[in-house]
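**Q** Below is the structure I would like to discuss, written out as structure tokens.
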Amino acid sequence: MGKIIFYKERNFQGQHYECTGDCAGLHSYLSHCNSIRVESGCWVVYEGPNFMGHQYVLTMGGYPDYQCRMGFNDCIRSCHMSIYRRRGSSRMRIYERPDFGGQMMEFMDDCPSVYDRFRYLDIHSCHVMDGYWIFYEHPNYRGRQYFMRPGEYRRYSDWGGYNSIIGYIMDF
């Protein structure tokens with residue numbers, strides 16, 4: 001069982017809401033969120049209700065200034081507790097075109113620079129065969145994050161992407 005606490009103000013101040021499971025509508029508890037404390041588990045938080053919009057993966061610890069760390073706004077509207085494996089047998093294939101077309105590359109570990117390894121800036125489809133992964137829009141853990149569970153993603157919109165650019169891939 002996991003536990004995450006959302007605070008209205010920075011530095012864990014003000015009104016707060018404790019959550020121990022998936023919540024599709026946090027907006028009914030808090031109008032905005034400026035700090036977060038993850039007491040147990042691993043969480044994916046979303047800027048939109050019903051697990052939609054930009055997403056961020058948070059592990060145990062405190063995030064006293066959420067906006068500064070993540071670089072977006074103070075809207076957290078839903079959250080999902082994630083069960084993940086820490087490293088191990090992970091396998092994923094990325095493709096340069098939708099519907100698993102074009103050049104393909106298989107990954108079994110982190111890739112700090114997708115362009116250096118794959119020679120493409122755009123990833124249009126992906127098949128996660130084993131493990132859990134995080135796509136970052138830019139290298140060095142920057143930009144939007146996309147939490148990838150096992151399954152087929154025929155288009156970047158299937159994983160919630162607003163564009164096909166992926167700069168960093170992390171085996172979660």
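Chain labels A, B, ... are given in the sequence in which chains occur in the structure tokens; within each chain residues are numbered consecutively from 1, and ligands are likewise numbered from 1 in the order shown.
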Select from stretch 56-136 of chain A every residue with an atom at most 7 Å from any atom of stretch 146-157 of chain A, then for each give the shortest pair of atoms and their distance in Å to one decimal, using only C-alpha atoms, rows by chain and rising number, as a tab-separated table.

**A**
```
residue	atom	partner	partner_atom	distance
A:Pro98	CA	A:Arg155	CA	5.2
A:Asp99	CA	A:Arg154	CA	4.6
A:Phe100	CA	A:Arg154	CA	6.5
A:His124	CA	A:Tyr156	CA	5.2
A:Ser125	CA	A:Arg154	CA	4.8
A:Cys126	CA	A:Tyr153	CA	5.1
A:His127	CA	A:Glu152	CA	4.5
A:Val128	CA	A:Pro150	CA	4.6
A:Met129	CA	A:Pro150	CA	5.6
A:Asp130	CA	A:Pro150	CA	5.9
A:Gly131	CA	A:Pro150	CA	6.5
A:Tyr132	CA	A:Arg149	CA	5.1
A:Trp133	CA	A:Met148	CA	5.0
A:Ile134	CA	A:Phe147	CA	4.7
A:Phe135	CA	A:Tyr146	CA	5.0
A:Tyr136	CA	A:Tyr146	CA	6.6
```

**Q** Write out as a list in words each polymer residue whose atoms come within 7 Å of A:Arg10, counting only C-alpha atoms; drop sequence neighbours fewer than 6 positions from it.

**A**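 Listing them by chain and then by number gives Asn34, Ser35, Pro64 and Asp65 of chain A.
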
**Q** Any chance you can output those residues with N, CA and C atoms as an mmCIF file, in the first residue's frame?

**A**
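So the final result, stored in again28.cif, reads:
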```cif
data_model
loop_
_atom_site.group_PDB
_atom_site.id
_atom_site.type_symbol
_atom_site.label_atom_id
_atom_site.label_comp_id
_atom_site.auth_asym_id
_atom_site.auth_seq_id
_atom_site.Cartn_x
_atom_site.Cartn_y
_atom_site.Cartn_z
ATOM 1 N N ASN A 34 1.190 22.660 -4.676
ATOM 2 C CA ASN A 34 2.526 23.239 -4.811
ATOM 3 C C ASN A 34 3.620 22.434 -4.129
ATOM 4 N N SER A 35 3.260 21.415 -3.362
ATOM 5 C CA SER A 35 4.266 20.508 -2.807
ATOM 6 C C SER A 35 3.641 19.138 -2.581
ATOM 7 N N PRO A 64 9.244 19.777 -2.094
ATOM 8 C CA PRO A 64 8.764 20.988 -1.413
ATOM 9 C C PRO A 64 8.309 22.102 -2.352
ATOM 10 N N ASP A 65 8.810 22.127 -3.578
ATOM 11 C CA ASP A 65 8.403 23.130 -4.550
ATOM 12 C C ASP A 65 8.139 22.397 -5.860
#
```

**Q** Which residues in chain A does DSSP call strand (DSSP E)? List them as a VMD selection string.

**A** chain A and resid 3 to 9 13 to 19 35 to 40 42 to 48 52 to 58 61 to 63 78 to 82 91 to 97 101 to 107 125 to 130 133 to 138 142 to 148 151 to 153 168 to 171

**Q** Within 7 Å of A:Asp22, counting only C-alpha atoms, which residues qualify if same-chain residues fewer than 5 places away don't, as a VMD selection string?

**A** chain A and resid 79 to 81

**Q** I'd like the neighbourhood of A:Ile169 as JSON, numbers by chain, where a residue qualifies if any of its atoms comes within 12 Å (using only C-alpha atoms), though same-chain residues fewer than 6 positions away should be ignored.

**A** {"A": [91, 92, 93, 94, 106, 107, 108, 109, 110, 111, 112, 113, 114, 115, 117, 118, 123, 126, 132, 133, 134, 135, 136, 137, 138, 139, 140, 141, 142, 144, 145, 146, 147, 148]}

**Q** Just the number, please: distance in Å from atom CA of A:Ser40 to atom CA of A:Phe6, one decimal.

**A** 13.4 Å

**Q** Rounded to one decimal in Å, what is the spacing between atom CA of A:Leu26 and atom CA of A:Ile76?

**A**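 The value is 7.1 Å.
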
**Q** Can you tell me which residues surround A:Cys42 at a distance of at most 6 Å, considering only C-alpha atoms, apart from same-chain residues fewer than 5 positions away, and format the answer as a list of chain:residue names?

**A** A:Leu58, A:Thr59, A:Ser82

**Q** Can you spit out the residues from that selection as a JSON list (two decimals), in the first residue's frame, using all heavy atoms?

**A**
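Final output, saved to again_17.json:
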```
[["chain", "number", "residue", "atom", "x", "y", "z"],
["A", 58, "LEU", "N", 6.75, 9.97, -9.49],
["A", 58, "LEU", "CA", 7.33, 10.40, -8.22],
["A", 58, "LEU", "C", 7.65, 9.18, -7.36],
["A", 58, "LEU", "O", 6.80, 8.30, -7.19],
["A", 58, "LEU", "CB", 6.36, 11.32, -7.46],
["A", 58, "LEU", "CG", 5.90, 12.57, -8.20],
["A", 58, "LEU", "CD1", 4.88, 13.32, -7.36],
["A", 58, "LEU", "CD2", 7.07, 13.46, -8.55],
["A", 59, "THR", "N", 8.85, 9.14, -6.82],
["A", 59, "THR", "CA", 9.25, 8.08, -5.91],
["A", 59, "THR", "C", 9.29, 8.63, -4.49],
["A", 59, "THR", "O", 9.08, 9.83, -4.28],
["A", 59, "THR", "CB", 10.62, 7.50, -6.31],
["A", 59, "THR", "OG1", 11.57, 8.57, -6.35],
["A", 59, "THR", "CG2", 10.55, 6.84, -7.68],
["A", 82, "SER", "N", 1.65, 3.19, -8.65],
["A", 82, "SER", "CA", 2.27, 2.29, -9.61],
["A", 82, "SER", "C", 3.03, 1.18, -8.90],
["A", 82, "SER", "O", 3.78, 1.44, -7.96],
["A", 82, "SER", "CB", 3.23, 3.09, -10.49],
["A", 82, "SER", "OG", 3.96, 2.22, -11.29]]
```

**Q** To one decimal in Å, tell me the separation between atom CA of A:Asn11 and atom CA of A:Gly62.

**A**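 Pair atom CA of A:Asn11 / atom CA of A:Gly62 returns 9.0 Å.
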
**Q** With only C-alpha atoms as the basis for distance, which of A:Tyr162, A:Tyr120, A:Phe172, A:Trp43 is at the shortest distance from A:Gly2?

**A**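 Smallest distance to A:Gly2 is found for A:Trp43.
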